[in-house]
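Just data00.txt here, compact mmCIF, C-alpha atoms:
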```txt
# COMPACT_ATOMS: atom_id res chain seq x y z
CA MET A 1 -101.01 74.62 9.82
CA GLU A 2 -99.35 78.03 9.67
CA GLN A 3 -97.32 78.76 6.57
CA GLU A 4 -93.60 79.21 7.31
CA GLN A 5 -92.49 82.81 6.90
CA GLU A 6 -89.87 83.50 4.25
CA THR A 7 -86.66 84.91 5.71
CA VAL A 8 -83.66 86.74 4.29
CA LEU A 9 -80.14 87.10 5.63
CA VAL A 10 -78.94 90.52 6.78
CA VAL A 11 -75.31 91.09 7.75
CA GLY A 12 -73.54 93.89 9.59
CA ILE A 13 -70.27 95.02 8.00
CA ARG A 14 -67.52 97.17 9.47
CA PHE A 15 -64.90 98.86 7.28
CA GLN A 16 -62.54 100.05 10.01
CA ARG A 17 -61.66 98.58 13.38
CA GLY A 18 -64.08 100.02 15.89
CA GLY A 19 -65.94 101.77 13.07
CA LYS A 20 -69.66 102.05 12.55
CA ILE A 21 -71.48 98.89 11.48
CA TYR A 22 -73.59 99.06 8.31
CA ALA A 23 -76.33 96.60 7.38
CA PHE A 24 -76.39 94.85 3.98
CA SER A 25 -78.53 92.18 2.39
CA ALA A 26 -76.84 88.80 1.90
CA SER A 27 -79.61 87.01 0.04
CA ASP A 28 -77.14 85.64 -2.54
CA GLU A 29 -74.44 84.74 0.02
CA THR A 30 -76.43 82.72 2.56
CA ASP A 31 -73.40 80.78 3.81
CA ILE A 32 -71.43 83.89 4.82
CA VAL A 33 -70.54 84.06 8.52
CA ALA A 34 -69.13 86.57 11.00
CA GLY A 35 -65.42 87.11 10.36
CA ASP A 36 -65.68 86.76 6.58
CA PHE A 37 -64.83 89.68 4.29
CA ALA A 38 -67.21 90.93 1.62
CA VAL A 39 -67.16 93.40 -1.28
CA VAL A 40 -69.97 95.99 -1.26
CA ASN A 41 -70.93 99.25 -2.89
CA THR A 42 -71.11 102.26 -0.55
CA ALA A 43 -71.74 105.98 -0.90
CA TRP A 44 -67.95 106.40 -1.16
CA GLY A 45 -67.40 103.70 -3.76
CA ARG A 46 -66.66 99.98 -3.73
CA GLN A 47 -65.23 98.80 -0.41
CA VAL A 48 -64.12 95.62 1.34
CA GLY A 49 -65.37 95.17 4.90
CA GLN A 50 -65.57 92.48 7.55
CA VAL A 51 -68.79 90.81 8.57
CA VAL A 52 -69.53 91.46 12.25
CA TYR A 53 -72.88 89.69 12.57
CA THR A 54 -75.44 87.78 10.54
CA ARG A 55 -79.17 87.86 11.24
CA GLU A 56 -82.19 86.13 9.73
CA VAL A 57 -85.15 88.50 9.35
CA ARG A 58 -88.59 88.05 7.88
CA ALA A 59 -88.79 89.11 4.24
CA ASP A 60 -91.63 91.55 4.98
CA GLU A 61 -89.54 93.20 7.73
CA GLN A 62 -86.39 93.74 5.69
CA ARG A 63 -85.52 97.35 4.97
CA ASN A 64 -85.95 98.13 1.29
CA ASP A 65 -82.93 100.44 1.22
CA LEU A 66 -80.38 97.75 2.14
CA LYS A 67 -77.71 97.32 -0.52
CA PRO A 68 -76.73 93.76 -1.43
CA ILE A 69 -73.34 92.19 -0.91
CA LEU A 70 -71.63 92.00 -4.29
CA CYS A 71 -69.55 88.95 -3.43
CA ARG A 72 -67.42 87.34 -0.78
CA ALA A 73 -63.90 88.85 -0.80
CA THR A 74 -61.26 86.69 -2.48
CA GLY A 75 -57.57 86.49 -1.65
CA ALA A 76 -56.92 88.96 -4.46
CA ASP A 77 -59.44 91.38 -2.94
CA LEU A 78 -57.73 91.20 0.45
CA ALA A 79 -54.30 91.71 -1.11
CA LEU A 80 -55.62 94.75 -2.98
CA ARG A 81 -57.15 96.05 0.25
CA GLN A 82 -53.79 95.83 1.98
CA HIS A 83 -52.14 97.59 -0.97
CA TRP A 84 -54.52 100.55 -0.75
CA GLU A 85 -54.12 100.71 3.03
CA GLU A 86 -50.37 101.16 2.56
CA LYS A 87 -50.93 103.80 -0.13
CA ALA A 88 -53.43 105.57 2.15
CA GLN A 89 -50.80 105.81 4.90
CA GLN A 90 -48.43 107.49 2.45
CA ALA A 91 -51.20 109.88 1.39
CA LEU A 92 -51.88 110.69 5.05
CA GLU A 93 -48.25 111.65 5.65
CA ARG A 94 -48.34 113.78 2.50
CA ALA A 95 -51.41 115.65 3.77
CA ARG A 96 -49.76 116.26 7.14
CA ASP A 97 -46.63 117.63 5.47
CA LEU A 98 -48.72 120.00 3.35
CA ALA A 99 -50.59 121.29 6.40
CA LYS A 100 -47.34 121.81 8.26
CA SER A 101 -45.64 123.62 5.39
CA ARG A 102 -48.61 126.01 5.18
CA SER A 103 -48.84 126.46 8.97
CA LEU A 104 -52.45 125.35 9.01
CA PRO A 105 -53.84 124.19 12.38
CA VAL A 106 -55.21 120.96 10.93
CA LYS A 107 -54.84 117.48 12.40
CA PHE A 108 -55.15 114.76 9.75
CA ALA A 109 -56.21 111.52 11.43
CA ALA A 110 -56.73 108.93 8.69
CA ALA A 111 -56.91 108.34 4.97
CA GLU A 112 -58.77 105.69 3.00
CA TYR A 113 -58.85 104.63 -0.65
CA THR A 114 -61.83 103.01 -2.26
CA HIS A 115 -61.30 99.42 -3.39
CA ASP A 116 -60.75 100.50 -6.99
CA GLY A 117 -58.27 103.22 -5.97
CA LYS A 118 -60.22 105.96 -7.75
CA ARG A 119 -61.13 107.94 -4.66
CA LEU A 120 -59.21 109.01 -1.54
CA THR A 121 -60.88 110.31 1.61
CA ASN A 122 -58.85 112.18 4.24
CA LEU A 123 -60.34 112.65 7.69
CA TYR A 124 -59.19 115.66 9.69
CA GLU A 125 -59.96 117.70 12.79
CA SER A 126 -59.69 121.48 12.83
CA GLU A 127 -61.30 124.41 14.59
CA ALA A 128 -59.80 126.88 12.14
CA LYS A 129 -61.88 128.49 9.43
CA GLU A 130 -59.12 128.50 6.82
CA SER A 131 -59.98 126.80 3.55
CA LEU A 132 -58.22 123.51 2.82
CA GLN A 133 -58.93 123.71 -0.88
CA GLY A 134 -55.22 124.22 -1.62
CA ILE A 135 -54.29 120.99 0.19
CA GLN A 136 -57.09 119.14 -1.57
CA LYS A 137 -55.95 120.27 -5.03
CA SER A 138 -52.28 119.57 -4.27
CA LEU A 139 -53.08 116.03 -3.09
CA SER A 140 -55.26 115.39 -6.12
CA ARG A 141 -52.52 116.53 -8.52
CA SER A 142 -49.66 114.65 -6.87
CA LEU A 143 -51.58 111.42 -6.27
CA ARG A 144 -53.67 111.59 -9.46
CA VAL A 145 -56.83 110.60 -7.67
CA ARG A 146 -60.10 112.23 -6.65
CA VAL A 147 -59.59 113.58 -3.12
CA GLU A 148 -62.26 114.32 -0.52
CA LEU A 149 -61.51 116.04 2.79
CA ARG A 150 -63.98 115.21 5.53
CA GLN A 151 -63.96 116.95 8.91
CA VAL A 152 -64.48 114.90 12.09
CA GLY A 153 -64.81 115.79 15.75
CA PRO A 154 -62.19 115.29 18.48
CA ARG A 155 -63.78 112.02 19.66
CA ASP A 156 -63.71 110.56 16.15
CA ARG A 157 -60.09 111.61 15.66
CA ALA A 158 -59.05 109.96 18.95
CA LYS A 159 -60.90 106.83 17.88
CA LEU A 160 -58.90 106.65 14.66
CA LEU A 161 -55.55 107.08 16.39
CA ASP A 162 -55.86 104.08 18.75
CA GLY A 163 -53.72 104.28 21.91
CA TYR A 164 -54.26 103.51 25.59
CA GLY A 165 -56.44 105.10 28.26
CA THR A 166 -55.34 105.95 31.79
CA CYS A 167 -56.79 102.60 32.88
CA GLY A 168 -53.94 100.93 30.98
CA GLU A 169 -56.25 99.27 28.45
CA PRO A 170 -56.64 100.15 24.75
CA ARG A 171 -59.14 102.98 24.51
CA CYS A 172 -62.78 101.93 24.33
CA CYS A 173 -63.51 104.14 21.32
CA SER A 174 -60.85 102.34 19.27
CA ARG A 175 -61.86 98.85 20.40
CA PHE A 176 -65.62 98.57 20.32
CA LEU A 177 -67.56 101.85 20.46
CA SER A 178 -69.22 102.29 17.07
CA THR A 179 -71.21 105.36 18.17
CA PHE A 180 -70.74 108.01 20.84
CA THR A 181 -73.36 108.70 23.49
CA PRO A 182 -73.66 112.08 25.27
CA VAL A 183 -71.58 112.35 28.45
CA SER A 184 -72.25 114.94 31.17
CA ILE A 185 -70.45 116.09 34.30
CA ARG A 186 -73.51 114.90 36.24
CA MET A 187 -72.51 111.31 35.47
CA ALA A 188 -69.13 111.80 37.12
CA LYS A 189 -70.70 113.41 40.19
CA ALA A 190 -73.22 110.58 40.58
CA GLN A 191 -70.39 108.02 40.65
CA GLY A 192 -68.17 110.00 43.01
CA VAL A 193 -65.45 110.40 40.39
CA SER A 194 -62.93 113.18 40.96
CA LEU A 195 -63.78 116.23 38.87
CA THR A 196 -60.12 117.00 38.24
CA PRO A 197 -59.85 117.48 34.44
CA SER A 198 -57.06 114.91 34.12
CA GLU A 199 -59.30 112.35 35.87
CA ILE A 200 -62.43 112.75 33.78
CA THR A 201 -61.19 113.70 30.30
CA GLY A 202 -59.74 111.46 27.65
CA MET A 203 -57.14 112.01 24.95
CA CYS A 204 -59.80 113.77 22.87
CA GLY A 205 -60.15 116.45 25.54
CA ARG A 206 -63.78 115.51 26.13
CA LEU A 207 -65.40 113.71 29.06
CA ARG A 208 -64.51 110.03 29.07
CA CYS A 209 -66.98 107.71 27.39
CA CYS A 210 -66.65 105.18 30.22
CA LEU A 211 -68.52 107.56 32.54
CA THR A 212 -71.72 106.35 30.87
CA TYR A 213 -71.17 102.65 31.50
CA GLU A 214 -72.27 102.45 35.16
CA TYR A 215 -74.16 105.72 35.44
CA LYS A 216 -77.64 104.16 35.26
CA MET A 217 -76.71 101.69 37.99
CA TYR A 218 -75.48 104.49 40.27
CA ALA A 219 -78.50 106.67 39.47
CA GLU A 220 -80.89 103.84 40.33
CA ALA A 221 -79.03 103.02 43.55
CA SER A 222 -79.06 106.70 44.58
CA LYS A 223 -82.82 107.21 44.22
CA ASN A 224 -83.59 106.52 47.89
CA LEU A 225 -80.49 108.21 49.30
CA PRO A 226 -80.39 111.81 50.58
CA LYS A 227 -78.56 114.41 48.52
CA ARG A 228 -75.06 115.57 49.39
CA ARG A 229 -75.08 118.48 51.89
CA ALA A 230 -78.55 117.49 53.11
CA ARG A 231 -79.16 117.69 56.87
CA VAL A 232 -80.03 114.34 58.41
CA SER A 233 -80.74 112.76 61.76
CA THR A 234 -78.62 109.77 62.79
CA PRO A 235 -78.17 107.61 65.91
CA TYR A 236 -75.08 109.77 66.59
CA GLY A 237 -76.87 113.09 66.32
CA THR A 238 -77.75 115.55 63.58
CA GLY A 239 -75.25 115.95 60.75
CA ARG A 240 -74.76 116.78 57.13
CA VAL A 241 -74.29 114.35 54.22
CA VAL A 242 -70.78 114.71 52.79
CA ASP A 243 -70.62 111.67 50.51
CA LEU A 244 -72.62 108.74 49.16
CA LEU A 245 -71.66 105.14 48.43
CA PRO A 246 -74.71 104.15 46.34
CA LEU A 247 -73.70 100.58 45.51
CA LYS A 248 -73.24 99.86 49.23
CA ASP A 249 -76.42 101.77 50.17
CA VAL A 250 -74.24 103.78 52.54
CA VAL A 251 -74.35 107.47 53.48
CA VAL A 252 -71.30 109.30 54.83
CA VAL A 253 -72.38 111.90 57.41
CA GLN A 254 -70.38 114.61 59.13
CA VAL A 255 -71.53 114.73 62.77
CA GLN A 256 -69.64 117.40 64.68
CA ASP A 257 -66.00 116.54 63.99
CA ARG A 258 -66.65 112.93 62.92
CA ARG A 259 -67.25 111.38 59.50
CA ILE A 260 -69.46 108.34 59.94
CA GLU A 261 -70.53 105.73 57.37
CA LEU A 262 -74.13 104.72 57.99
CA SER A 263 -76.64 102.47 56.30
CA ALA A 264 -79.36 104.41 54.53
CA GLU A 265 -81.85 102.86 56.96
CA ASP A 266 -80.13 104.61 59.89
CA VAL A 267 -80.39 108.08 58.33
CA GLU A 268 -83.49 110.30 58.35
CA LEU A 269 -83.74 113.38 56.19
CA LEU A 270 -84.60 116.54 58.14
CA PRO A 271 -86.95 119.13 56.64
CA ALA A 272 -85.19 122.19 55.24
CA GLY A 273 -84.95 125.05 57.72
CA GLN A 274 -85.53 122.87 60.77
CA PRO A 275 -83.29 124.06 63.65
CA GLN A 276 -80.57 121.72 64.74
CA PRO A 277 -81.27 120.05 68.09
CA LYS A 278 -79.00 121.10 70.91
CA ARG A 279 -76.28 118.70 71.79
CA ARG A 280 -76.84 116.96 75.09
CA ASP A 281 -73.85 116.73 77.40
CA LYS A 282 -73.29 113.31 78.82
```
What is this file in structure tokens?
Amino acid sequence: MEQEQETVLVVGIRFQRGGKIYAFSASDETDIVAGDFAVVNTAWGRQVGQVVYTREVRADEQRNDLKPILCRATGADLALRQHWEEKAQQALERARDLAKSRSLPVKFAAAEYTHDGKRLTNLYESEAKESLQGIQKSLSRSLRVRVELRQVGPRDRAKLLDGYGTCGEPRCCSRFLSTFTPVSIRMAKAQGVSLTPSEITGMCGRLRCCLTYEYKMYAEASKNLPKRRARVSTPYGTGRVVDLLPLKDVVVVQVQDRRIELSAEDVELLPAGQPQPKRRDK
């Protein structure tokens, strides 16, 4: 009879809505479940985060670098968390006022206190090379706390600001995207999305993250279809491919002055350089 493997509980904790999920060991809190709040030590100090998932793993497979959960958050911990969130909002407005008064092209997006209130982190976006040391020192003096300024990219800033996309829904980055995947213009072309900047860029000014969602499906469906502008033979004569509808397995062909939608089975790719057959008069 095989000996039962010893398992340990690993939990994923998120500190901000839509933020990155970090793994912790919950060996001493085996009854903790998704939705609970826990107190943990992080590289930025003691923090309170929400459990997103719980997972049983074999003891010999557990990562040795996982920090343990200190304890389940109490009502007092949650009240203190809310207190520091309100103070962080005030600190954020202070940082914005300082940047404005000094005419610095800096966009402060968020601020966060550690659970003990000893450290404040301000997240900002800026393409300028000016030093922000003056703002950092001024904040530290006025708030009497250790201040760290951390630069983030335009996607991360948009994620922190919430808001709605052009689809009318809350932006994906603020709701559930914990990491960003590379997005290319090729993805928009493969899906037939308009390349007008307002159609393919988000509030961050970068290509929309949602272009990655269905790209693999379109790419797979397009494998056996001719390329746009390819010359093809059809039951209606020789023409040129002007558009593709991959999910329908349909090719749109321009034959003389007509645009015709044809099944991929009814289209034959002509070799490059082959002369176009003469049109027969009926």
Considering all atoms listed in the file, can you say which of A:Lys227, A:His115, A:Lys189, A:Lys129 comes closest to A:Glu85? A:His115
Using only C-alpha atoms: which of A:Arg208, A:Arg81, A:Arg55, A:Arg228 has the shortest distance to A:Ala190: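 Among the listed residues, A:Arg228 lies closest to A:Ala190.
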Between A:Gly45, A:Pro197, A:Pro68, A:Gly192, which one has atoms that come closest to A:Tyr215, using only C-alpha atoms?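 For A:Tyr215, the nearest of the given residues is A:Gly192.
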Correct to one decimal, the distance atom CA of A:Gly237-atom CA of A:Val252 is 13.3 Å
May I ask for the distance between atom CA of A:Gln136 and atom CA of A:Arg157, given in Å to one decimal place?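 It comes out at 19.0 Å.
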One decimal, in Å: what's the spacing between atom CA of A:Gly202 and atom CA of A:Gly165?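 We find that atom CA of A:Gly202 and atom CA of A:Gly165 lie 7.2 Å from each other.
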From the list A:Glu112, A:Asp257, A:Asp97, A:Glu268, the nearest residue to A:Ser138 using all atoms listed in the file is A:Asp97
Box for stretch 102-111 of chain A: with edges along x, y and z, all listed atoms inside and 6 Å added on each side, what are the centre and edge lengths in Å to one decimal, as lines of an AutoDock Vina configuration file?
```
center_x = -52.8
center_y = 117.4
center_z = 8.7
size_x = 20.3
size_y = 30.1
size_z = 19.4
```
Among listed residues A:Arg150, A:Arg258, A:Arg144, A:Lys87, nearest A:Ala109 (using all atoms listed in the file):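 Ranked by minimum distance to A:Ala109, first place goes to A:Arg150.
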Using only C-alpha atoms, determine which residues lie at most 9 Å from A:Thr30, disregarding the query and same-chain residues fewer than 4 positions distant; provide the list as a list of chain:residue names.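 Residues near the query, excluding close chain neighbours: A:Val8, A:Leu9, A:Ala26.
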Nearest residue to A:Leu149 from the set A:Ser174, A:Gln50, A:Asn122, A:Ser222 (distances using all atoms listed in the file):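 Among A:Ser174, A:Gln50, A:Asn122, A:Ser222, it is A:Asn122 that comes nearest to A:Leu149.
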For A:Ser27, work out the shell of residues within 12 Å, counting all atoms listed in the file and skipping chain neighbours fewer than 6 positions away, then give it as a list in words.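 Skipping anything fewer than 6 positions along the chain leaves Glu6, Thr7, Val8, Leu9, Val10, Val11, Thr54, Arg55, Glu56, Val57, Arg58, Ala59, Gln62, Leu66, Lys67, Pro68, Ile69, Leu70 and Cys71 of chain A.
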Write out as a list in words the residues lying within 9 Å of A:Leu262, counting only C-alpha atoms and excluding same-chain residues fewer than 2 positions away.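 Listed by chain and then number, they are Thr234, Asp249, Val250, Val251, Val252, Val253, Ile260, Ala264, Glu265, Asp266 and Val267 of chain A.
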Set the distance at 12 Å and use all atoms listed in the file: which residues neighbour A:Arg171 once local chain neighbours fewer than 4 positions away are removed? I'd like the list as an mmCIF file with C-alpha atoms, in the coordinates of the input.
```
data_model
loop_
_atom_site.group_PDB
_atom_site.id
_atom_site.type_symbol
_atom_site.label_atom_id
_atom_site.label_comp_id
_atom_site.auth_asym_id
_atom_site.auth_seq_id
_atom_site.Cartn_x
_atom_site.Cartn_y
_atom_site.Cartn_z
ATOM 1 C CA GLY A 18 -64.080 100.020 15.890
ATOM 2 C CA ARG A 155 -63.780 112.020 19.660
ATOM 3 C CA ALA A 158 -59.050 109.960 18.950
ATOM 4 C CA LYS A 159 -60.900 106.830 17.880
ATOM 5 C CA LEU A 160 -58.900 106.650 14.660
ATOM 6 C CA LEU A 161 -55.550 107.080 16.390
ATOM 7 C CA ASP A 162 -55.860 104.080 18.750
ATOM 8 C CA GLY A 163 -53.720 104.280 21.910
ATOM 9 C CA TYR A 164 -54.260 103.510 25.590
ATOM 10 C CA GLY A 165 -56.440 105.100 28.260
ATOM 11 C CA THR A 166 -55.340 105.950 31.790
ATOM 12 C CA CYS A 167 -56.790 102.600 32.880
ATOM 13 C CA ARG A 175 -61.860 98.850 20.400
ATOM 14 C CA PHE A 176 -65.620 98.570 20.320
ATOM 15 C CA LEU A 177 -67.560 101.850 20.460
ATOM 16 C CA GLY A 202 -59.740 111.460 27.650
ATOM 17 C CA MET A 203 -57.140 112.010 24.950
ATOM 18 C CA CYS A 204 -59.800 113.770 22.870
ATOM 19 C CA ARG A 208 -64.510 110.030 29.070
ATOM 20 C CA CYS A 209 -66.980 107.710 27.390
ATOM 21 C CA CYS A 210 -66.650 105.180 30.220
#
```
